[in-house]
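Text of model_10.cif, listed as mmCIF, C-alpha atoms:
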data_input
#
loop_
_atom_site.label_atom_id
_atom_site.label_comp_id
_atom_site.auth_asym_id
_atom_site.auth_seq_id
_atom_site.Cartn_x
_atom_site.Cartn_y
_atom_site.Cartn_z
CA MET A 1 -17.86 -33.39 47.46
CA GLY A 2 -20.48 -30.90 46.23
CA VAL A 3 -19.79 -28.43 43.43
CA ASP A 4 -20.38 -24.75 44.08
CA LEU A 5 -22.27 -23.46 41.01
CA ARG A 6 -20.94 -19.94 41.64
CA GLN A 7 -17.35 -21.21 41.41
CA VAL A 8 -18.11 -22.95 38.09
CA VAL A 9 -19.63 -19.77 36.63
CA ALA A 10 -16.70 -17.69 37.89
CA GLY A 11 -14.25 -20.10 36.29
CA ILE A 12 -16.02 -19.93 32.93
CA LEU A 13 -16.03 -16.13 33.04
CA THR A 14 -12.30 -16.07 33.89
CA ILE A 15 -11.43 -18.32 30.94
CA THR A 16 -13.57 -16.18 28.62
CA MET A 17 -11.80 -13.02 29.78
CA PHE A 18 -8.38 -14.56 29.09
CA VAL A 19 -9.45 -15.58 25.57
CA MET A 20 -10.67 -12.04 24.83
CA LEU A 21 -7.50 -10.54 26.31
CA GLY A 22 -5.37 -12.83 24.15
CA GLN A 23 -7.16 -11.65 21.00
CA MET A 24 -6.68 -8.01 21.96
CA LEU A 25 -2.98 -8.47 22.73
CA HIS A 26 -2.46 -10.37 19.50
CA ARG A 27 -3.72 -7.44 17.46
CA ASP A 28 -1.77 -4.92 19.55
CA TYR A 29 1.51 -6.76 19.09
CA PHE A 30 0.79 -7.49 15.42
CA ASP A 31 0.58 -3.71 15.06
CA ALA A 32 4.23 -3.30 16.03
CA VAL A 33 5.83 -6.10 14.03
CA GLN A 34 9.19 -5.17 12.51
CA GLU A 35 9.01 -6.53 8.99
CA LYS A 36 12.42 -7.01 7.35
CA ILE A 37 11.46 -9.25 4.49
CA GLN A 38 12.79 -6.98 1.76
CA GLY A 39 14.60 -3.66 1.46
CA ASP A 40 15.49 -1.70 4.58
CA ALA A 41 14.22 -2.16 8.13
CA HIS A 42 10.44 -2.10 8.37
CA ASP A 43 8.22 -1.63 11.39
CA ILE A 44 4.79 -1.42 9.84
CA GLU A 45 1.69 -1.51 12.00
CA PHE A 46 -0.87 -4.26 11.73
CA LYS A 47 -3.76 -4.30 14.13
CA GLY A 48 -7.46 -5.09 14.04
CA SER A 49 -9.54 -2.37 15.61
CA LYS A 50 -13.23 -2.25 16.35
CA VAL A 51 -15.27 0.23 14.37
CA ALA A 52 -18.81 1.29 15.22
CA VAL A 53 -21.10 0.72 12.26
CA GLU A 54 -22.91 3.99 12.90
CA ASP A 55 -19.89 6.27 13.18
CA GLY A 56 -19.95 7.19 9.51
CA LEU A 57 -16.48 5.88 8.79
CA VAL A 58 -17.73 2.58 7.42
CA ARG A 59 -21.27 1.39 7.03
CA ALA A 60 -22.37 -2.22 6.93
CA ILE A 61 -24.76 -3.12 4.17
CA GLU A 62 -27.92 -4.29 5.84
CA GLY A 63 -30.19 -7.03 4.61
CA GLY A 64 -29.88 -9.56 1.80
CA ASN A 65 -27.27 -12.25 1.37
CA LYS A 66 -24.40 -10.03 0.29
CA GLY A 67 -22.08 -10.99 3.13
CA PRO A 68 -20.13 -8.61 5.35
CA TRP A 69 -19.51 -6.02 2.63
CA MET A 70 -19.40 -2.34 3.50
CA GLU A 71 -20.38 0.61 1.41
CA ASP A 72 -17.71 2.96 0.15
CA SER A 73 -17.62 6.31 1.90
CA ASN A 74 -17.61 9.59 0.01
CA GLU A 75 -14.37 10.25 -1.83
CA LEU A 76 -12.36 12.73 0.21
CA LYS A 77 -11.17 16.07 -1.14
CA PRO A 78 -7.60 17.40 -0.97
CA CYS A 79 -7.06 19.63 2.08
CA TRP A 80 -3.76 21.04 0.91
CA SER A 81 -3.32 24.33 -0.87
CA ILE A 82 -0.17 25.68 -2.45
CA SER A 83 0.73 29.13 -1.11
CA GLN A 84 2.82 31.69 -2.96
CA SER A 85 5.87 30.67 -0.93
CA ASP A 86 5.44 27.10 -2.21
CA GLU A 87 5.53 28.10 -5.86
CA ALA A 88 8.42 27.10 -8.08
CA VAL A 89 11.44 29.39 -8.16
CA SER A 90 14.22 29.83 -10.70
CA SER A 91 16.45 26.76 -10.90
CA LYS A 92 19.88 26.61 -9.30
CA GLY A 93 20.76 23.06 -10.36
CA TYR A 94 19.33 19.58 -10.85
CA VAL A 95 18.00 16.75 -8.70
CA THR A 96 17.99 13.27 -10.25
CA PHE A 97 16.61 10.00 -8.86
CA SER A 98 15.22 6.60 -9.86
CA LEU A 99 12.02 4.77 -8.97
CA THR A 100 12.82 1.31 -7.58
CA ASN A 101 11.29 -1.78 -5.92
CA GLY A 102 7.73 -1.38 -7.15
CA PRO A 103 4.86 1.14 -7.04
CA GLU A 104 4.51 1.06 -3.25
CA TYR A 105 8.03 2.50 -3.09
CA HIS A 106 7.54 4.82 -6.06
CA VAL A 107 4.95 6.84 -4.15
CA SER A 108 7.42 7.60 -1.37
CA GLN A 109 10.40 8.10 -3.69
CA ILE A 110 8.65 10.68 -5.88
CA THR A 111 7.49 12.52 -2.76
CA ASP A 112 10.98 12.74 -1.27
CA ALA A 113 12.57 13.84 -4.55
CA VAL A 114 9.97 16.58 -5.06
CA MET A 115 10.45 17.79 -1.49
CA VAL A 116 14.23 17.99 -1.94
CA ALA A 117 14.03 19.77 -5.30
CA LYS A 118 11.43 22.21 -4.04
CA HIS A 119 13.27 23.25 -0.90
CA LEU A 120 16.60 23.51 -2.73
CA GLY A 121 15.09 25.55 -5.55
CA ALA A 122 16.33 22.93 -8.03
CA THR A 123 14.96 21.44 -11.23
CA LEU A 124 13.73 17.84 -10.98
CA VAL A 125 14.79 15.41 -13.70
CA LEU A 126 12.21 12.80 -14.75
CA PRO A 127 13.25 9.49 -13.17
CA ASP A 128 13.81 6.14 -14.80
CA ILE A 129 12.33 2.97 -13.30
CA ARG A 130 14.58 0.16 -12.09
CA GLY A 131 13.56 -3.34 -11.10
CA SER A 132 15.06 -5.64 -8.52
CA LYS A 133 17.41 -7.38 -10.98
CA PRO A 134 20.45 -5.79 -12.67
CA GLY A 135 19.48 -4.49 -16.08
CA ASP A 136 15.77 -4.18 -15.25
CA GLU A 137 15.32 -0.61 -16.46
CA MET A 138 12.31 1.13 -17.94
CA ASN A 139 11.40 4.63 -18.97
CA PHE A 140 9.07 6.57 -16.72
CA ASP A 141 6.44 6.73 -19.48
CA ASP A 142 6.40 2.93 -19.81
CA ILE A 143 4.23 2.93 -16.69
CA TYR A 144 3.29 6.46 -15.67
CA ASP A 145 1.79 9.51 -17.36
CA VAL A 146 4.60 12.02 -17.96
CA ASP A 147 2.36 14.95 -18.85
CA LYS A 148 0.30 14.43 -15.72
CA LEU A 149 3.40 14.50 -13.52
CA ILE A 150 4.83 17.65 -15.10
CA LYS A 151 1.47 19.45 -15.09
CA SER A 152 0.61 18.53 -11.50
CA LEU A 153 3.95 19.73 -10.14
CA GLU A 154 4.44 22.84 -12.27
CA SER A 155 3.27 25.13 -9.46
CA VAL A 156 5.95 23.89 -7.05
CA VAL A 157 8.91 22.54 -9.03
CA LYS A 158 10.12 22.52 -12.61
CA VAL A 159 10.41 19.04 -14.15
CA VAL A 160 12.53 18.27 -17.22
CA ARG A 161 12.57 15.02 -19.17
CA LYS A 162 16.35 14.67 -19.41
CA LEU A 163 19.47 15.93 -17.70
CA PRO A 164 21.11 18.55 -19.94
CA SER A 165 24.13 17.25 -21.85
CA HIS A 166 26.45 19.84 -20.31
CA VAL A 167 25.94 18.34 -16.83
CA SER A 168 28.48 15.58 -16.19
CA LEU A 169 27.49 12.59 -14.08
CA ARG A 170 30.80 13.03 -12.25
CA ASP A 171 29.55 16.37 -10.98
CA ILE A 172 26.49 14.86 -9.30
CA ALA A 173 26.71 14.04 -5.59
CA ILE A 174 24.75 11.03 -4.34
CA VAL A 175 22.70 11.86 -1.26
CA LYS A 176 20.72 9.36 0.82
CA VAL A 177 17.58 10.78 2.43
CA PRO A 178 15.17 9.18 4.89
CA THR A 179 11.65 8.68 3.61
CA ARG A 180 9.21 11.46 4.56
CA VAL A 181 12.14 13.89 4.52
CA ALA A 182 11.26 17.29 6.03
CA GLU A 183 12.32 20.83 5.14
CA ASP A 184 14.53 21.19 8.24
CA TYR A 185 16.46 18.03 7.36
CA ILE A 186 16.94 19.24 3.78
CA LYS A 187 18.30 22.60 4.91
CA GLU A 188 20.68 21.09 7.46
CA HIS A 189 21.99 18.00 5.68
CA ILE A 190 21.38 18.36 1.93
CA ASP A 191 21.59 22.05 1.12
CA PRO A 192 25.33 22.33 1.96
CA ILE A 193 26.12 19.44 -0.42
CA PHE A 194 23.93 20.92 -3.14
CA LYS A 195 25.62 24.31 -2.84
CA SER A 196 29.02 22.66 -3.07
CA LYS A 197 28.31 20.32 -6.02
CA GLY A 198 25.47 22.12 -7.82
CA ASN A 199 23.61 18.89 -8.68
CA ILE A 200 22.61 15.86 -6.61
CA ARG A 201 21.17 12.38 -7.02
CA VAL A 202 18.67 11.45 -4.32
CA THR A 203 18.21 7.90 -3.06
CA THR A 204 15.53 7.25 -0.46
CA TYR A 205 16.09 4.80 2.37
CA PHE A 206 13.36 3.46 4.63
CA PRO A 207 14.21 3.41 8.34
CA SER A 208 10.50 2.70 8.76
CA VAL A 209 7.56 2.03 6.49
CA ASN A 210 5.17 3.41 9.06
CA LEU A 211 2.83 5.92 7.39
CA ARG A 212 1.09 7.20 10.49
CA LYS A 213 0.36 10.90 10.72
CA SER A 214 2.90 13.14 12.38
CA SER A 215 2.47 14.11 16.02
CA GLN A 216 -0.72 15.85 17.08
CA GLY A 217 -0.90 19.39 15.78
CA ALA A 218 2.05 19.04 13.39
CA GLU A 219 1.30 20.34 9.91
CA THR A 220 1.94 18.24 6.82
CA ASP A 221 3.83 20.01 4.06
CA PRO A 222 1.35 20.71 1.21
CA VAL A 223 4.10 19.99 -1.33
CA SER A 224 4.46 16.51 0.18
CA CYS A 225 0.70 15.92 -0.10
CA LEU A 226 0.65 17.06 -3.73
CA ALA A 227 3.58 14.83 -4.67
CA MET A 228 2.31 11.76 -2.82
CA PHE A 229 -1.33 11.87 -3.87
CA GLY A 230 -1.54 14.14 -6.90
CA SER A 231 1.37 13.43 -9.22
CA LEU A 232 1.52 9.75 -10.23
CA GLU A 233 -1.05 8.34 -12.64
CA LEU A 234 -0.80 5.33 -14.92
CA GLN A 235 -0.19 5.99 -18.59
CA PRO A 236 -3.30 5.24 -20.73
CA ALA A 237 -2.38 1.75 -21.99
CA VAL A 238 -1.52 0.42 -18.52
CA ASN A 239 -4.55 2.12 -17.00
CA ASP A 240 -6.82 0.54 -19.64
CA LEU A 241 -5.37 -2.89 -18.82
CA VAL A 242 -6.02 -2.46 -15.09
CA GLU A 243 -9.56 -1.30 -15.85
CA SER A 244 -10.24 -4.34 -18.03
CA MET A 245 -9.01 -6.71 -15.31
CA ILE A 246 -11.15 -4.99 -12.67
CA GLN A 247 -14.18 -5.27 -14.92
CA ARG A 248 -13.51 -8.98 -15.44
CA LEU A 249 -13.38 -9.49 -11.67
CA LYS A 250 -16.66 -7.61 -11.31
CA THR A 251 -18.22 -9.81 -13.99
CA HIS A 252 -17.31 -12.88 -11.93
CA SER A 253 -18.95 -11.23 -8.88
CA LYS A 254 -22.56 -10.83 -10.02
CA LYS A 255 -23.99 -12.58 -6.95
CA SER A 256 -22.25 -10.08 -4.66
CA GLY A 257 -23.21 -7.02 -6.64
CA GLY A 258 -19.95 -6.86 -8.58
CA ARG A 259 -17.85 -6.71 -5.41
CA PHE A 260 -14.53 -8.50 -5.03
CA ILE A 261 -11.68 -8.90 -2.53
CA ALA A 262 -7.99 -8.27 -3.27
CA ILE A 263 -5.49 -10.12 -1.08
CA ASP A 264 -1.80 -9.29 -0.94
CA LEU A 265 -0.48 -12.81 -0.58
CA ARG A 266 2.84 -13.79 -2.15
CA VAL A 267 4.15 -17.29 -1.51
CA GLU A 268 7.80 -16.29 -1.95
CA ILE A 269 7.53 -13.84 0.95
CA LEU A 270 5.50 -16.22 3.11
CA GLU A 271 8.36 -18.69 2.87
CA LYS A 272 10.94 -16.23 4.20
CA LYS A 273 12.20 -16.60 7.76
CA ASN A 274 10.52 -13.41 9.00
CA CYS A 275 7.10 -14.78 8.17
CA HIS A 276 7.68 -17.78 10.43
CA GLU A 277 8.53 -15.70 13.46
CA THR A 278 6.02 -14.84 16.15
CA GLY A 279 5.92 -11.94 18.54
CA ALA A 280 4.65 -11.57 22.08
CA MET A 281 1.62 -13.70 23.00
CA GLY A 282 2.30 -15.76 19.86
CA SER A 283 1.28 -12.95 17.52
CA LYS A 284 1.71 -13.76 13.83
CA THR A 285 3.42 -11.64 11.22
CA CYS A 286 2.04 -13.25 8.07
CA TYR A 287 -0.92 -15.43 7.09
CA ASN A 288 -0.99 -18.25 4.56
CA ALA A 289 -3.77 -19.22 2.16
CA GLN A 290 -5.54 -21.56 4.58
CA GLU A 291 -5.51 -19.02 7.40
CA ILE A 292 -6.83 -16.27 5.13
CA ALA A 293 -9.59 -18.58 3.85
CA LEU A 294 -10.73 -19.37 7.39
CA PHE A 295 -10.54 -15.70 8.37
CA LEU A 296 -12.81 -14.67 5.49
CA ARG A 297 -15.29 -17.49 6.03
CA LYS A 298 -15.62 -16.69 9.74
CA LEU A 299 -16.34 -13.07 8.81
CA GLY A 300 -19.21 -14.31 6.68
CA PHE A 301 -17.89 -14.02 3.13
CA GLY A 302 -19.68 -16.63 1.04
CA THR A 303 -17.99 -19.30 -1.03
CA ASP A 304 -19.13 -17.48 -4.17
CA THR A 305 -16.96 -14.46 -3.29
CA THR A 306 -14.52 -13.38 -6.01
CA ILE A 307 -10.90 -13.00 -4.86
CA TYR A 308 -7.86 -11.50 -6.59
CA LEU A 309 -4.40 -12.56 -5.39
CA THR A 310 -1.17 -10.60 -5.88
CA GLN A 311 0.70 -13.92 -6.14
CA PRO A 312 2.48 -13.83 -9.55
CA ARG A 313 1.64 -17.39 -10.64
CA TRP A 314 -0.52 -20.13 -9.18
CA GLU A 315 1.11 -22.33 -6.53
CA SER A 316 -0.20 -25.59 -5.11
CA SER A 317 -0.16 -24.08 -1.60
CA LEU A 318 -3.00 -21.82 -2.74
CA ASN A 319 -5.31 -24.72 -3.60
CA ILE A 320 -6.94 -24.68 -0.15
CA LEU A 321 -8.06 -21.10 -0.75
CA LYS A 322 -9.54 -22.02 -4.13
CA ASP A 323 -11.25 -25.06 -2.62
CA ILE A 324 -13.15 -22.77 -0.25
CA PHE A 325 -13.47 -19.81 -2.65
CA PRO A 326 -13.55 -21.27 -6.19
CA LYS A 327 -13.54 -17.80 -7.77
CA THR A 328 -9.96 -17.07 -6.72
CA TYR A 329 -7.70 -15.71 -9.45
CA THR A 330 -4.16 -14.56 -10.07
CA LYS A 331 -3.46 -12.00 -12.78
CA GLU A 332 -2.66 -14.65 -15.41
CA ALA A 333 -6.26 -15.93 -15.21
CA ILE A 334 -7.97 -12.57 -15.78
CA MET A 335 -5.57 -10.69 -18.04
CA PRO A 336 -6.66 -10.51 -21.71
CA SER A 337 -4.63 -13.06 -23.68
CA ASP A 338 -3.39 -10.48 -26.19
CA LYS A 339 -1.73 -8.51 -23.34
CA LYS A 340 0.17 -11.35 -21.67
CA SER A 341 3.22 -11.27 -23.94
CA LYS A 342 3.95 -7.68 -22.91
CA TYR A 343 2.82 -7.58 -19.31
CA LEU A 344 3.30 -11.13 -18.00
CA GLU A 345 5.88 -12.99 -20.02
CA LEU A 346 8.78 -10.60 -19.59
CA GLU A 347 11.35 -11.21 -16.86
CA ASN A 348 10.83 -7.65 -15.64
CA SER A 349 8.08 -7.78 -13.01
CA GLU A 350 7.44 -4.03 -12.73
CA TYR A 351 4.23 -4.23 -14.76
CA GLU A 352 2.92 -7.01 -12.54
CA ASN A 353 3.70 -5.05 -9.38
CA VAL A 354 1.87 -2.02 -10.75
CA ILE A 355 -1.18 -4.09 -11.69
CA ASP A 356 -1.31 -5.58 -8.17
CA PHE A 357 -1.02 -2.19 -6.49
CA TYR A 358 -3.76 -0.49 -8.49
CA ILE A 359 -6.21 -3.41 -8.35
CA SER A 360 -5.67 -3.68 -4.58
CA SER A 361 -6.29 0.06 -4.26
CA ARG A 362 -9.63 -0.19 -6.04
CA SER A 363 -11.04 -3.51 -4.83
CA ASP A 364 -14.10 -3.44 -2.58
CA VAL A 365 -12.14 -5.15 0.20
CA PHE A 366 -8.38 -5.33 0.68
CA VAL A 367 -6.76 -7.95 2.91
CA PRO A 368 -2.98 -7.73 3.55
CA ALA A 369 -1.70 -11.21 4.36
CA ILE A 370 1.79 -9.79 4.85
CA PRO A 371 2.94 -6.49 6.39
CA GLY A 372 5.01 -3.93 4.53
CA LEU A 373 4.96 -0.77 2.49
CA PHE A 374 2.56 -2.30 -0.05
CA TYR A 375 -0.05 -2.44 2.70
CA ALA A 376 0.66 1.07 3.97
CA ASN A 377 0.59 2.85 0.61
CA THR A 378 -2.38 0.83 -0.64
CA VAL A 379 -4.33 2.02 2.41
CA GLY A 380 -3.34 5.62 1.65
CA LYS A 381 -4.63 5.38 -1.90
CA ARG A 382 -7.84 3.70 -0.72
CA ILE A 383 -8.46 6.48 1.82
CA ALA A 384 -8.24 9.05 -0.96
CA LEU A 385 -10.68 6.98 -3.07
CA GLY A 386 -13.19 6.52 -0.23
CA LYS A 387 -12.64 2.75 0.05
CA PRO A 388 -12.18 2.09 3.79
CA GLN A 389 -12.74 -1.67 3.96
CA VAL A 390 -9.22 -2.87 4.71
CA LEU A 391 -9.39 -6.00 6.86
CA VAL A 392 -6.27 -6.98 8.81
CA PRO A 393 -6.28 -10.76 9.33
CA ALA A 394 -6.27 -12.45 12.71
CA GLU A 395 -7.05 -15.84 14.18
CA ILE A 396 -10.71 -15.67 15.17
CA SER A 397 -11.19 -17.95 18.17
CA GLY A 398 -14.93 -18.51 17.77
CA SER A 399 -16.95 -19.73 14.84
CA SER A 400 -17.61 -16.25 13.47
CA GLY A 401 -16.59 -12.61 13.73
CA ARG A 402 -17.60 -9.16 12.51
CA SER A 403 -15.63 -7.50 9.74
CA THR A 404 -15.86 -4.17 11.56
CA ASP A 405 -13.69 -5.64 14.32
CA TYR A 406 -10.77 -6.06 11.92
CA ILE A 407 -10.64 -2.74 10.10
CA SER A 408 -7.07 -1.42 9.73
CA PRO A 409 -6.18 1.08 12.50
CA TYR A 410 -4.90 3.39 9.80
CA ILE A 411 -8.60 3.84 9.00
CA SER A 412 -10.41 3.15 12.26
CA LYS A 413 -8.16 5.60 14.12
CA LYS A 414 -7.72 7.90 11.12
CA ASN A 415 -4.01 7.98 11.82
CA HIS A 416 -2.72 7.38 8.30
CA LEU A 417 -0.71 10.17 6.71
CA ALA A 418 -3.44 10.46 4.05
CA TYR A 419 -5.81 11.96 6.64
CA SER A 420 -3.42 14.92 6.90
CA CYS A 421 -3.86 15.54 3.18
CA PHE A 422 -7.57 14.76 2.64
CA CYS A 423 -10.73 15.82 4.42
#
Rendering of file as structure tokens:
Amino acid sequence: MGVDLRQVVAGILTITMFVMLGQMLHRDYFDAVQEKIQGDAHDIEFKGSKVAVEDGLVRAIEGGNKGPWMEDSNELKPCWSISQSDEAVSSKGYVTFSLTNGPEYHVSQITDAVMVAKHLGATLVLPDIRGSKPGDEMNFDDIYDVDKLIKSLESVVKVVRKLPSHVSLRDIAIVKVPTRVAEDYIKEHIDPIFKSKGNIRVTTYFPSVNLRKSSQGAETDPVSCLAMFGSLELQPAVNDLVESMIQRLKTHSKKSGGRFIAIDLRVEILEKKNCHETGAMGSKTCYNAQEIALFLRKLGFGTDTTIYLTQPRWESSLNILKDIFPKTYTKEAIMPSDKKSKYLELENSEYENVIDFYISSRSDVFVPAIPGLFYANTVGKRIALGKPQVLVPAEISGSSGRSTDYISPYISKKNHLAYSCFC
């Protein structure tokens, strides 16, 4: 029986279309994964999205053998302005809170506490920092710059270092607030408690770690923008350490012009049940070392590429990544030896989390192997710094792909909350 050439061609085209559709659906469903690996319920978006090289958002570096690197865009400027109505008013009481669970949570927690204090007309008490284990407590100035915080917020809320001795802890009401708390919510749900008790302790819960912009046309509170992007800075000693580690990574990256990749990949989380689940069309929620290595190689990153991993200590499961990219490091390999006793060898991991967050925010490329608030808030900080190359991993069916096809939708669609605060 003869073969109709037209039927053969049609069959090939049909198969090709299904492969392309599968890739598209994978990234769409990956965008809506509910990540519940730690803390409260998460439903962070993960999706690759095609970006035109010429649209000015990201620009591919042409020529040479530098791989699929992109140039940084211009650093954006704050769009918010504090009006007279936003300015600090005389205090009626105190708002206390703690920073918990790492720097990706600190950004949201400080924002919510400032919003509550501002709209209640209260004084904000400098928070302490608490780790994931009982007894893991640090002072705010162990990590962050106190003077910077007080100075940056002085136009909207008064900040004091300690709760006055005459205020009893028994007189402080504990109030849970949803992250990204708005003025209307504060007036309806928190103000009555504050008026009754006089002082409150705010704890933020995370019904979602989605940091997309509010609905079209909705205005972002300028106080929220100031608190989220203009109040937290590392104290000098920690900042100097992060700088030295970044410079060491750049030194290892001479063949790629000093550029390096940061990957949020933590074996402990990859081993959790949620990372083994798949969504519709077999969409993945997390990617292991081998999958990330193949993803980067198919995008064209050379074997000489320098990679920083957020993994606390080296694990044998990471060997495949180092086999393909020999210049792959965890923090213990690039931290100055005289700093390890303070920043690495303590049981408290807050310093390590902070180092990961700030290196990932400033790397030339950031790849989140796992979804969560770390990804979302790292993207926000990178947007403010003009570093748009955030590549969301996927299984590339062919032998190669373009990095511009995997840019985070937070950036390609400009739908991250940061775009409401910067322009």
Report task. For A:Lys342, list every protein, DNA or RNA residue within 12 Å, evaluated using all atoms listed in the file, and leave out those in the same chain fewer than 6 positions away; present the list as an MDAnalysis selection string. Result -> chainID A and resid 142 237:238 241 335:336 348:352
Query raised in the report: Counting only C-alpha atoms, what is within 10 Å of A:Gly401, bar same-chain residues fewer than 5 positions away, as a ChimeraX atom specification?
Result: /A:68,295-300,396,406
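In terms of minimum interatomic distance to A:Arg248, A:Ala333 ranks closest within A:Val267, A:Val177, A:Leu391, A:Ala333, counting only C-alpha atoms.
Distance annotation: of A:Val354, A:Pro236, A:Val392, A:Lys176, the residue with the minimal separation from A:Ile292 is A:Val392; atom set is all atoms listed in the file.
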Report summary line: One residue among A:Gly386, A:Leu344, A:Arg259, A:Glu332 is nearest to A:Thr305 when using only C-alpha atoms, and that residue is A:Arg259
**Report entry** Best match for closeness to A:His106 among A:Glu271, A:Glu233, A:Glu243, A:Glu315, counting all atoms listed in the file
**Finding:**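 That would be A:Glu233, the residue with the smallest distance to A:His106.
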Query raised in the report: Exactly which residues make up the result of the PyMOL selection byres ((chain A and resi 193) around 12) on this file, given as a VMD selection string?
Result: chain A and resid 93 95 120 171 to 176 186 to 192 194 to 202
**Report entry** Counting all atoms listed in the file, the residue of A:Asp184, A:Asp112, A:Glu291, A:Asp221 that sits nearest A:Phe206
**Finding:**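 Nearest to A:Phe206: A:Asp112.
Rounded to one decimal, atom CA of A:Ile150 and atom CA of A:Val125 lie 10.3 Å from each other.
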Report task. For the structure provided, state which residues fall under the PyMOL selection byres ((chain A and resi 416) around 9), and present them as a PyMOL selection string. Result -> chain A and resi 210-213+376+379-380+383+409-411+413-415+417-420
Please, what is the axis-aligned box for every listed atom of stretch 229-248 of chain A with 3 Å on each side, as centre and edge lengths in Å to one decimal, as lines of an AutoDock Vina configuration file?
center_x = -6.3
center_y = 2.6
center_z = -12.9
size_x = 21.7
size_y = 29.1
size_z = 24.1
